[in-house]
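Okay, data_29.pdb is below, PDB, C-alpha atoms and all ligand atoms:
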```pdb
ATOM      1  CA  MET A   1      44.078 101.691  37.869
ATOM      2  CA  TRP A   2      47.647 101.090  36.635
ATOM      3  CA  ASP A   3      46.897 101.978  32.999
ATOM      4  CA  GLU A   4      45.389 105.233  34.280
ATOM      5  CA  ARG A   5      48.389 106.032  36.464
ATOM      6  CA  TYR A   6      50.861 105.203  33.710
ATOM      7  CA  SER A   7      48.922 107.462  31.296
ATOM      8  CA  GLU A   8      50.061 110.459  33.346
ATOM      9  CA  THR A   9      52.998 112.504  32.089
ATOM     10  CA  GLY A  10      56.398 111.293  33.247
ATOM     11  CA  PHE A  11      57.255 108.104  35.126
ATOM     12  CA  ALA A  12      55.238 107.183  38.230
ATOM     13  CA  PHE A  13      58.329 105.757  39.986
ATOM     14  CA  GLY A  14      60.931 107.649  37.977
ATOM     15  CA  SER A  15      63.059 106.421  35.108
ATOM     16  CA  GLN A  16      66.026 105.450  37.299
ATOM     17  CA  PRO A  17      66.358 101.924  38.745
ATOM     18  CA  ASN A  18      65.373 100.991  42.261
ATOM     19  CA  ASP A  19      68.289 101.600  44.697
ATOM     20  CA  PHE A  20      68.357  98.063  46.102
ATOM     21  CA  LEU A  21      68.357  96.496  42.639
ATOM     22  CA  LYS A  22      71.136  98.852  41.544
ATOM     23  CA  ALA A  23      73.232  97.807  44.558
ATOM     24  CA  GLU A  24      72.689  94.049  44.120
ATOM     25  CA  PHE A  25      72.109  93.274  40.417
ATOM     26  CA  ALA A  26      75.742  92.285  39.744
ATOM     27  CA  ARG A  27      75.152  89.015  41.621
ATOM     28  CA  ILE A  28      73.052  87.882  38.618
ATOM     29  CA  PRO A  29      75.251  85.860  36.233
ATOM     30  CA  LYS A  30      76.620  88.256  33.590
ATOM     31  CA  GLY A  31      74.733  88.462  30.300
ATOM     32  CA  GLY A  32      72.045  86.115  31.596
ATOM     33  CA  ARG A  33      68.308  85.924  30.975
ATOM     34  CA  VAL A  34      66.406  88.018  33.500
ATOM     35  CA  LEU A  35      62.660  88.147  34.144
ATOM     36  CA  CYS A  36      61.281  91.391  35.619
ATOM     37  CA  LEU A  37      57.932  90.738  37.350
ATOM     38  CA  ALA A  38      55.263  93.479  37.515
ATOM     39  CA  GLU A  39      57.746  95.723  35.728
ATOM     40  CA  GLY A  40      55.441  98.698  35.087
ATOM     41  CA  GLU A  41      57.110 101.467  33.067
ATOM     42  CA  GLY A  42      60.419  99.642  32.735
ATOM     43  CA  ARG A  43      62.931 101.588  34.824
ATOM     44  CA  ASN A  44      64.502  98.410  36.256
ATOM     45  CA  ALA A  45      64.285  96.379  33.043
ATOM     46  CA  VAL A  46      65.959  99.115  30.991
ATOM     47  CA  PHE A  47      68.723  99.524  33.567
ATOM     48  CA  LEU A  48      69.437  95.775  33.496
ATOM     49  CA  ALA A  49      69.371  95.675  29.689
ATOM     50  CA  MET A  50      71.943  98.496  29.719
ATOM     51  CA  GLN A  51      74.157  96.255  31.892
ATOM     52  CA  GLY A  52      74.092  93.535  29.214
ATOM     53  CA  TYR A  53      71.305  91.257  30.459
ATOM     54  CA  GLN A  54      68.611  89.763  28.179
ATOM     55  CA  ILE A  55      65.366  91.041  29.636
ATOM     56  CA  THR A  56      61.785  89.821  29.644
ATOM     57  CA  ALA A  57      59.414  92.241  31.369
ATOM     58  CA  VAL A  58      55.895  91.210  32.355
ATOM     59  CA  ASP A  59      53.095  93.411  33.662
ATOM     60  CA  GLN A  60      49.315  93.594  33.373
ATOM     61  CA  SER A  61      49.518  97.198  32.116
ATOM     62  CA  SER A  62      49.944  97.615  28.370
ATOM     63  CA  VAL A  63      50.372 101.365  28.894
ATOM     64  CA  GLY A  64      53.259 100.741  31.297
ATOM     65  CA  LEU A  65      55.016  98.287  29.011
ATOM     66  CA  GLU A  66      54.644 100.595  25.983
ATOM     67  CA  LYS A  67      56.465 103.267  27.988
ATOM     68  CA  ALA A  68      59.064 100.655  28.942
ATOM     69  CA  LYS A  69      59.744  99.856  25.286
ATOM     70  CA  LYS A  70      60.027 103.559  24.462
ATOM     71  CA  LEU A  71      62.444 104.126  27.354
ATOM     72  CA  ALA A  72      64.498 101.142  26.161
ATOM     73  CA  ALA A  73      64.660 102.508  22.603
ATOM     74  CA  GLU A  74      65.804 105.888  23.922
ATOM     75  CA  GLN A  75      68.633 104.120  25.740
ATOM     76  CA  GLY A  76      69.569 101.986  22.723
ATOM     77  CA  VAL A  77      68.545  98.639  24.249
ATOM     78  CA  THR A  78      65.728  96.177  23.640
ATOM     79  CA  LEU A  79      63.306  94.370  25.942
ATOM     80  CA  SER A  80      60.963  91.468  25.394
ATOM     81  CA  THR A  81      57.640  92.479  26.957
ATOM     82  CA  THR A  82      54.535  90.468  27.832
ATOM     83  CA  VAL A  83      51.239  91.991  28.911
ATOM     84  CA  ALA A  84      49.781  89.430  31.305
ATOM     85  CA  ASP A  85      48.128  88.968  34.654
ATOM     86  CA  LEU A  86      50.717  87.203  36.813
ATOM     87  CA  ALA A  87      47.928  84.792  37.780
ATOM     88  CA  ASP A  88      48.093  83.417  34.237
ATOM     89  CA  TYR A  89      51.792  83.820  33.490
ATOM     90  CA  ASP A  90      53.918  80.674  33.297
ATOM     91  CA  LEU A  91      57.490  81.323  34.462
ATOM     92  CA  GLY A  92      58.648  77.965  33.095
ATOM     93  CA  VAL A  93      61.178  75.589  34.615
ATOM     94  CA  ASN A  94      64.944  76.151  34.831
ATOM     95  CA  GLN A  95      64.655  79.245  32.629
ATOM     96  CA  TRP A  96      66.127  82.321  34.290
ATOM     97  CA  ASP A  97      69.512  83.524  35.491
ATOM     98  CA  GLY A  98      67.756  86.270  37.393
ATOM     99  CA  ILE A  99      64.234  87.190  38.514
ATOM    100  CA  VAL A 100      63.482  90.687  39.775
ATOM    101  CA  SER A 101      60.454  91.662  41.849
ATOM    102  CA  ILE A 102      60.366  95.322  42.865
ATOM    103  CA  PHE A 103      57.212  96.444  44.676
ATOM    104  CA  ALA A 104      55.246  93.636  43.002
ATOM    105  CA  HIS A 105      52.384  93.610  45.500
ATOM    106  CA  VAL A 106      49.639  91.097  44.676
ATOM    107  CA  PRO A 107      47.098  89.163  46.793
ATOM    108  CA  ILE A 108      48.678  86.556  49.048
ATOM    109  CA  ALA A 109      47.337  83.488  47.218
ATOM    110  CA  LEU A 110      48.790  84.727  43.942
ATOM    111  CA  ARG A 111      52.062  85.692  45.605
ATOM    112  CA  GLU A 112      52.487  82.216  47.120
ATOM    113  CA  LYS A 113      51.881  80.608  43.719
ATOM    114  CA  LEU A 114      54.205  83.074  42.016
ATOM    115  CA  HIS A 115      57.047  82.577  44.494
ATOM    116  CA  SER A 116      56.738  78.825  44.223
ATOM    117  CA  GLN A 117      57.191  79.267  40.449
ATOM    118  CA  VAL A 118      60.156  81.594  41.057
ATOM    119  CA  VAL A 119      61.934  78.766  42.888
ATOM    120  CA  GLY A 120      61.227  76.262  40.094
ATOM    121  CA  SER A 121      62.085  78.575  37.230
ATOM    122  CA  LEU A 122      65.502  79.855  38.358
ATOM    123  CA  LYS A 123      68.502  78.058  36.894
ATOM    124  CA  SER A 124      71.209  76.774  39.227
ATOM    125  CA  ASN A 125      73.064  79.862  40.584
ATOM    126  CA  GLY A 126      70.192  82.038  39.383
ATOM    127  CA  ILE A 127      69.412  85.031  41.607
ATOM    128  CA  PHE A 128      66.105  86.396  42.906
ATOM    129  CA  ILE A 129      66.030  90.062  43.961
ATOM    130  CA  LEU A 130      62.998  91.534  45.746
ATOM    131  CA  GLU A 131      62.106  94.748  47.523
ATOM    132  CA  SER A 132      58.587  95.318  48.847
ATOM    133  CA  TYR A 133      56.742  97.232  51.544
ATOM    134  CA  THR A 134      56.082  95.647  54.934
ATOM    135  CA  LEU A 135      53.012  96.316  57.095
ATOM    136  CA  ARG A 136      55.128  98.595  59.293
ATOM    137  CA  HIS A 137      55.154 101.018  56.350
ATOM    138  CA  LEU A 138      51.601 102.006  57.338
ATOM    139  CA  GLU A 139      53.021 103.535  60.552
ATOM    140  CA  LEU A 140      55.498 105.726  58.680
ATOM    141  CA  GLU A 141      55.030 108.900  56.714
ATOM    142  CA  GLY A 142      56.399 107.701  53.358
ATOM    143  CA  MET A 143      54.162 107.591  50.302
ATOM    144  CA  GLY A 144      53.813 104.298  48.394
ATOM    145  CA  GLY A 145      52.576 100.762  48.768
ATOM    146  CA  PRO A 146      49.225  99.011  48.720
ATOM    147  CA  PRO A 147      46.183 100.618  50.366
ATOM    148  CA  ALA A 148      45.959 100.004  54.136
ATOM    149  CA  GLU A 149      42.940  97.722  53.811
ATOM    150  CA  LYS A 150      44.845  95.284  51.565
ATOM    151  CA  LYS A 151      46.951  93.937  54.411
ATOM    152  CA  ASP A 152      47.722  90.637  52.690
ATOM    153  CA  PHE A 153      49.511  92.513  49.861
ATOM    154  CA  PHE A 154      52.296  93.540  52.257
ATOM    155  CA  MET A 155      55.282  91.205  52.734
ATOM    156  CA  SER A 156      57.465  90.065  55.622
ATOM    157  CA  ILE A 157      60.785  88.267  55.803
ATOM    158  CA  ASP A 158      59.297  85.354  57.762
ATOM    159  CA  LYS A 159      56.648  84.724  55.128
ATOM    160  CA  LEU A 160      59.090  85.180  52.235
ATOM    161  CA  ASN A 161      61.405  82.621  53.847
ATOM    162  CA  ASP A 162      58.542  80.112  53.613
ATOM    163  CA  GLU A 163      57.384  81.116  50.148
ATOM    164  CA  LEU A 164      60.915  80.913  48.708
ATOM    165  CA  ASN A 165      61.806  77.637  50.404
ATOM    166  CA  GLY A 166      64.584  75.989  48.383
ATOM    167  CA  LEU A 167      66.573  79.165  47.679
ATOM    168  CA  ASP A 168      69.656  80.156  49.705
ATOM    169  CA  PHE A 169      69.198  83.616  51.197
ATOM    170  CA  ILE A 170      72.159  85.973  50.792
ATOM    171  CA  ILE A 171      70.185  88.985  52.057
ATOM    172  CA  GLY A 172      66.873  88.789  53.882
ATOM    173  CA  ALA A 173      65.993  91.768  56.037
ATOM    174  CA  GLU A 174      63.265  94.201  57.016
ATOM    175  CA  ILE A 175      64.572  97.769  57.192
ATOM    176  CA  ASP A 176      63.408 101.371  57.274
ATOM    177  CA  ARG A 177      64.879 103.543  54.551
ATOM    178  CA  THR A 178      64.215 106.789  52.721
ATOM    179  CA  ILE A 179      62.890 106.198  49.228
ATOM    180  CA  SER A 180      62.797 108.735  46.407
ATOM    181  CA  GLU A 181      61.350 107.183  43.251
ATOM    182  CA  GLY A 182      59.214 109.439  41.054
ATOM    183  CA  LYS A 183      56.134 111.044  42.570
ATOM    184  CA  TYR A 184      54.507 107.914  44.057
ATOM    185  CA  HIS A 185      57.321 106.394  46.159
ATOM    186  CA  GLN A 186      58.698 109.033  48.497
ATOM    187  CA  GLY A 187      59.858 109.405  52.083
ATOM    188  CA  GLN A 188      60.594 107.250  55.106
ATOM    189  CA  SER A 189      59.487 103.726  54.257
ATOM    190  CA  ALA A 190      59.515 100.218  55.724
ATOM    191  CA  VAL A 191      60.571  97.502  53.304
ATOM    192  CA  VAL A 192      61.728  93.915  53.090
ATOM    193  CA  GLN A 193      64.746  93.184  50.908
ATOM    194  CA  VAL A 194      65.764  89.780  49.578
ATOM    195  CA  VAL A 195      68.605  88.440  47.486
ATOM    196  CA  ALA A 196      68.434  84.664  47.197
ATOM    197  CA  ARG A 197      70.267  82.113  45.058
ATOM    198  CA  GLN A 198      69.152  78.849  43.511
ATOM    199  CA  PRO A 199      71.642  76.222  44.756
TER
HETATM  200  C1  LIG A 201      54.173  99.634  42.425
HETATM  201  S1  LIG A 201      54.170  99.188  40.730
HETATM  202  C2  LIG A 201      55.856  98.681  40.531
HETATM  203  C3  LIG A 201      56.333  98.745  39.096
HETATM  204  C4  LIG A 201      57.801  98.397  38.907
HETATM  205  N1  LIG A 201      58.138  97.105  39.461
HETATM  206  C5  LIG A 201      58.689  99.449  39.499
HETATM  207  O1  LIG A 201      59.271  99.212  40.564
HETATM  208  O2  LIG A 201      58.816 100.518  38.891
HETATM  209  C6  LIG A 201      53.283  97.655  40.757
HETATM  210  C7  LIG A 201      53.105  97.000  39.386
HETATM  211  O3  LIG A 201      52.486  95.722  39.571
HETATM  212  C8  LIG A 201      51.674  95.474  38.451
HETATM  213  N2  LIG A 201      50.729  94.414  38.830
HETATM  214  C9  LIG A 201      49.930  94.392  39.923
HETATM  215  N3  LIG A 201      49.199  93.253  39.938
HETATM  216  C10 LIG A 201      49.569  92.543  38.838
HETATM  217  C11 LIG A 201      49.174  91.292  38.302
HETATM  218  N4  LIG A 201      48.245  90.527  38.911
HETATM  219  N5  LIG A 201      49.733  90.872  37.153
HETATM  220  C12 LIG A 201      50.665  91.632  36.523
HETATM  221  N6  LIG A 201      51.088  92.832  36.978
HETATM  222  C13 LIG A 201      50.545  93.273  38.129
HETATM  223  C14 LIG A 201      51.035  96.807  38.158
HETATM  224  O4  LIG A 201      50.506  96.886  36.859
HETATM  225  C15 LIG A 201      52.203  97.749  38.414
HETATM  226  O5  LIG A 201      52.903  98.008  37.229
END
```

As structure tokens - that is how I would like this structure written.
Amino acid sequence: MWDERYSETGFAFGSQPNDFLKAEFARIPKGGRVLCLAEGEGRNAVFLAMQGYQITAVDQSSVGLEKAKKLAAEQGVTLSTTVADLADYDLGVNQWDGIVSIFAHVPIALREKLHSQVVGSLKSNGIFILESYTLRHLELEGMGGPPAEKKDFFMSIDKLNDELNGLDFIIGAEIDRTISEGKYHQGQSAVVQVVARQP
């Protein structure tokens, strides 16, 4: 599905970074190593590389990551990319100054495993930044997010608090906001936003 979507002309979620990431990225230690999970076509990874971070972008879609590398080259920066299912991807231990998860919706069992690895793989003072849709999004008119029947793909602040146990939350909130990201994320939307630090 994602290779097909990313084969369309243009960028599914635009070529500009996610608003929340753009507002909060500077909390990540300057020049550090940053892992972008489920990075798709690279808008967030390229933005962070342009701010001087060393970026690794992982996604299951080779088509998406090829576009990410092209976007990076156009902007005069480089990315390390890995095509992988997050179910098989090893985040390592004490590796990252920052981990970014923007609309990385996966089944709950995988998400729990992934977030447990996020906690173990952030260095001390490393920062985790996440924005994702909540179930309330299904009541709003905005376009984006997992299909309604995949309820366990949606996130909530209560559940993220559990999954990310060990990190200190700087921001942890469910809000409604207007999103305008390419043709697939548009309109009034319900999201959860997290910025959390490894002690
Ligand atoms: C809504 S898109 C978000 C892309 C990017 N984070 C952004 O904000 O532009 C979701 C992404 O998750 C990726 N994805 C979903 N399940 C995955 C998995 N199990 N392993 C790796 N990537 C996955 C898809 O390929 C897709 O690129």

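Among the candidates A:Leu48, A:Ala73, A:Leu35, A:Ala87, the residue lying nearest to ligand LIG 201 (chain A) is A:Ala87 (atoms considered: all atoms listed in the file).
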
If we count all atoms listed in the file and set the cut-off at 12 Å, which residues sit around Ala196 in chain A, ignoring sequence neighbours fewer than 2 positions away in its own chain? Please answer as JSON, numbers by chain. {"A": [24, 25, 27, 28, 97, 98, 99, 100, 101, 115, 118, 119, 122, 124, 125, 126, 127, 128, 129, 130, 131, 160, 161, 163, 164, 165, 166, 167, 168, 169, 170, 171, 172, 173, 193, 194, 198, 199]}

Have a look at A:Arg177, A:Lys113, A:Lys123, A:Arg197 and name the one nearest to Glu141 in chain A; count only C-alpha atoms.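 Closest to Glu141 in chain A of all the choices is A:Arg177.
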
Measure the distance from CA of Glu74 in chain A to CA of Asp19 in chain A in Å and round it to one decimal. 21.4 Å

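Shortest atom-to-atom contact with ligand LIG 201 (chain A) among A:Thr56, A:Gln51, A:Ser121, A:Ser132: A:Ser132, counting only C-alpha atoms and all ligand atoms.
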
Using all atoms listed in the file - which residues lie no farther than 8 Å from the point (48.5, 103.5, 42.6) in the file's frame? Write them as a VMD selection string. chain A and resid 1 to 2 5 144 to 146 184

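The nearest approach to Glu4 in chain A among the residues A:Gly32, A:Ser61, A:Ser180, A:Ala148, with all atoms listed in the file taken into account, belongs to A:Ser61.
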
Check the smallest atom-to-atom distance from each of A:Ala26, A:Val63, A:Leu86, A:Ala12 to ligand LIG 201 (chain A) using all atoms listed in the file, then report the winner.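 Ranked by minimum distance to ligand LIG 201 (chain A), first place goes to A:Leu86.
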
Enclose all atoms of ligand LIG 201 (chain A) listed in the file in an axis-aligned box, grow every side by 5 Å, and hand back centre and edge lengths in Å to one decimal, as AutoDock Vina command-line options.
```
--center_x 53.8 --center_y 95.5 --center_z 39.5 --size_x 21.0 --size_y 20.0 --size_z 15.9
```

Expected selection as an MDAnalysis selection string for ligand LIG 201 (chain A) within 6 Å, all atoms listed in the file: chainID A and resid 2 13 38:40 43 59:61 84:87 102:104 106

Radius query 7 Å about (56.1, 104.0, 52.5), atoms used: only C-alpha atoms, as a PyMOL selection string: chain A and resi 133+137-138+140-145+185-190

Suppose you want the space between CA of Arg33 in chain A and CA of Leu91 in chain A; what is it in Å?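 Separating CA of Arg33 in chain A from CA of Leu91 in chain A is a distance of 12.3 Å.
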
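Put simply, CA of Asp152 in chain A is 9.7 Å away from CA of Arg111 in chain A.
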
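Distances here use all atoms listed in the file; by that measure, the residue among A:Asp3, A:Gly182, A:Thr78, A:Cys36 closest to Ser62 in chain A is A:Asp3.
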
Neighbouring residues of Leu65 in chain A were defined as those with any atom within 9 Å, considering all atoms listed in the file; residues of the same chain fewer than 6 positions away were excluded. Please report them as a list in words.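 Contacts, with the query itself left out: Glu39, Gly40, Glu41, Gly42, Ala57, Val58, Asp59, Thr81, Thr82 and Val83 of chain A.
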